[in-house]
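Only one structure is covered here, and it is reproduced in the block below.
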Amino acid sequence: MKSGFVSLIGRPNAGKSSLLNRIVGEKIAIVSDKPQTTRHRILGVKNYPEGQVVFVDTPGIHRPLHRMNVRMVDTAKETLREVDVVGVVIDASESAGQGLKYLLNLVKDTDAKTALILNKIDLMKKHRLLPVLDQLSKEGDWHAIVPVSALTGDNIDHLEEVLLSALPEGEPLYPPDYLTDQPERTMVAEMIREQVLRLTRDELPFSTAVMLDKWEEEEGQMLRLYLTIFVERDSQKPIVIGRGGEMIKEIGSAARKEVQAFLNRKVFLDIRVAVKEEWRENDRLLDELGVRPKDR
Ligand SMILES: Nc1nc2c(ncn2[C@@H]2O[C@H](COP(=O)(O)OP(=O)(O)OP(=O)(O)O)[C@@H](O)[C@H]2O)c(=O)[nH]1
Ligand SMILES: [Mg+2]
């Protein structure tokens with residue numbers, strides 16, 4: 001039997017979380033078209049007849065401008081020392097820049113095996129993929145190079161085979177029914193944040209956080225969940241609330257559908273919006289939000 005950890009590391013928006021969800025077959029990580037969506041490490045476990053793979057989704061590697069972002073990038077970097085295989089996820093349809101160079105350099109220092117995962121091939125013509133593949137093959141000591149599409153599922157089976165076979169021999173690390181390390185409460189707060197990301201623009205996606213304040217369960221009553229959406233400035237509050245409360249209503253009703261399907265029961269969401277200046281620099285709040293400090 002094979003078993004071990006495979007991290008998914010890469011630039012923001014490369015499709016790491018989409019890939020994790022696709023592989024484990026459940027939506028355990030939120031996804032958005034805005035960069036810096038994932039803020040903490042997320043485990044997803046998959047069992048195969050030949051063994052068990054523990055996938056580790058990480059925040060995108062970027063130049064951090066706030067304490068929150070330093071924590072995010074540290075979280076991702078730490079996994080380089082903790083896993084058996086590092087899956088470097090790259091958006092193959094995007095042209096290479098300084099950020100990619102930084103990432104590839106970082107990965108050179110790991111003792112783990114490295115696999116290059118070229119994602120979003122559905123966006124590319126084959127003749128455009130070949131030169132990208134050729135170029136990147138020289139930029140690392142790759143155990144394997146696998147083009148995939150997390151969106152369509154193209155070549156994902158092959159990717160899983162490659163990653164599983166790269167792991168050491170060992171017994172499963174988690175019980176067979178274990179899917180993720182994320183508590184239900186975190187998943188719920190993330191579902192609300194996903195809707196905020198989907199429905200808002202400009203700086204708002206970066207400067208909002210969602211906290212679950214209370215989980216109220218009373219005999220014979222609908223489950224009531226109280227949440228706060230934090231923004232950084234007074235001027236951002238009306239954007240999240242919307243004219244006549246339309247935006248917050250839309251966020252709430254879309255999130256409620258997701259939460260109800262996830263918890264498999266009827267839920268009442270009580271969402272408020274609060275201003276917390278410079279929360280991205282606030283260590284205590286970041287701890288509470290689960291954006292892990294370095295010395296966790
Ligand atoms: N066309 C296409 N889009 C994809 C694919 N994989 C992911 N996406 C899209 O790319 C965007 C980013 O996806 P995420 O999975 O959130 O990316 P990520 O790497 O986890 O991003 P961060 O958490 O911000 O680091 C979303 O809009 C996805 O729908 C793919 O294979 N093809
Ligand atoms: Mg992500």
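In the structure tokens, each chain is lettered A, B, ... as it comes, each chain's residues begin at 1, and ligands are numbered from 1 in order of appearance.
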Checklist entry - Can you tell me which residues sit at most 10 Å away from ligand 1, counting only C-alpha atoms and all ligand atoms, written as a ChimeraX atom specification? => result /A:8-22,29-40,57-62,72-73,76,89-93,118-124,147-154,194,198
Checklist entry - When DSSP works through the backbone of this structure, what residues of region 134-262 of chain A end up as strand (DSSP E), shown as a list in words? => result Ala144, Ile145, Val146, Pro147, Ala209, Val210, Met211, Leu212, Asp213, Lys214, Trp215, Glu216, Leu223, Arg224, Leu225, Tyr226, Leu227, Thr228, Ile229, Phe230 and Val231 of chain A
Checklist entry - Counting only C-alpha atoms, what is within 9 Å of Val86 (chain A), bar same-chain residues fewer than 5 positions away, as number ranges by chain? => result A: 5-9, 79-80, 107, 110, 112-116
Next on the checklist: Here is a test: counting only C-alpha atoms and all ligand atoms, which residue of A:Leu103, A:Ala254, A:Leu130, A:Ile28 is nearest to ligand 2?
Outcome noted: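 With only C-alpha atoms and all ligand atoms as the atom set, the closest residue is A:Ile28.
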Next on the checklist: Neighbouring residues of region 183-189 of chain A were defined as those with any atom within 12 Å, considering only C-alpha atoms; residues of the same chain fewer than 6 positions away were excluded. Please report them as a PyMOL selection string.
Outcome noted: chain A and resi 27-30+39-43+195-196+208-216+225-230+252+255-263+267+269-271+288-291
Expected file: the selected residues, C-alpha atoms, as a compact mmCIF listing (two decimals), in the first residue's frame:
```txt
# COMPACT_ATOMS: atom_id res chain seq x y z
CA LYS A 27 -16.61 20.63 -2.80
CA ILE A 28 -14.39 21.09 0.23
CA ALA A 29 -12.50 24.24 -0.83
CA ILE A 30 -14.15 27.41 -2.06
CA ARG A 39 -6.45 31.61 3.02
CA HIS A 40 -5.64 28.45 4.95
CA ARG A 41 -4.40 24.92 4.43
CA ILE A 42 -7.08 22.40 3.50
CA LEU A 43 -6.65 18.64 3.63
CA GLN A 195 -20.71 34.24 -2.34
CA VAL A 196 -19.15 37.55 -1.31
CA THR A 208 -13.66 40.90 3.52
CA ALA A 209 -13.63 38.07 6.01
CA VAL A 210 -16.47 35.97 7.37
CA MET A 211 -16.77 34.83 10.96
CA LEU A 212 -19.31 32.39 12.34
CA ASP A 213 -20.36 33.89 15.67
CA LYS A 214 -23.02 31.50 16.89
CA TRP A 215 -24.47 28.10 16.00
CA GLU A 216 -27.89 27.96 17.60
CA LEU A 225 -26.40 30.49 12.21
CA TYR A 226 -25.15 33.97 13.05
CA LEU A 227 -22.35 35.31 10.91
CA THR A 228 -20.43 38.54 10.48
CA ILE A 229 -18.94 39.80 7.24
CA PHE A 230 -16.04 42.08 8.10
CA GLY A 252 -27.56 35.26 2.00
CA ALA A 255 -25.16 30.93 0.64
CA ARG A 256 -28.19 29.43 2.37
CA LYS A 257 -28.76 27.04 -0.55
CA GLU A 258 -25.16 25.85 -0.29
CA VAL A 259 -25.19 25.53 3.48
CA GLN A 260 -28.51 23.64 3.49
CA ALA A 261 -27.26 21.18 0.89
CA PHE A 262 -24.06 20.71 2.86
CA LEU A 263 -25.68 20.23 6.28
CA VAL A 267 -31.01 26.66 8.00
CA LEU A 269 -28.70 32.57 8.25
CA ASP A 270 -28.41 35.79 10.19
CA ILE A 271 -25.67 37.78 8.48
CA GLU A 288 -9.71 33.52 15.15
CA LEU A 289 -10.30 33.36 11.42
CA GLY A 290 -7.94 30.40 11.16
CA VAL A 291 -5.42 32.18 8.94
```
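The shortest atom-to-atom distance to Leu163 (chain A), with only C-alpha atoms taken into account, belongs to A:Val146 out of A:Ile239, A:Leu133, A:Leu65, A:Val146.
Nearest residue to Glu78 (chain A) among A:Asp141, A:Arg292, A:Glu246, A:Gly44 is A:Arg292, counting only C-alpha atoms.
With distances restricted to only C-alpha atoms and all ligand atoms, A:Val56 is the closest residue to ligand 2 from A:Arg201, A:Leu173, A:Val56, A:Leu179.
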Next on the checklist: One decimal, in Å: what's the spacing between CA of Pro64 (chain A) and CA of Lys276 (chain A)?
Outcome noted: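 According to the coordinates, CA of Pro64 (chain A) and CA of Lys276 (chain A) are separated by 19.9 Å.
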Next on the checklist: Please return, as a PyMOL selection string, all residues of region 81-179 of chain A that DSSP assigns to alpha helix (DSSP H) on the basis of the backbone.
Outcome noted: chain A and resi 81-82+98-108+126-137+156-165
Next on the checklist: Calculated over only C-alpha atoms, which of the candidates A:Gly25, A:Pro176, A:Gly242, A:Pro205 has the smallest distance to Tyr48 (chain A)?
Outcome noted: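 Of the candidates, the smallest distance to Tyr48 (chain A) is held by A:Pro176.
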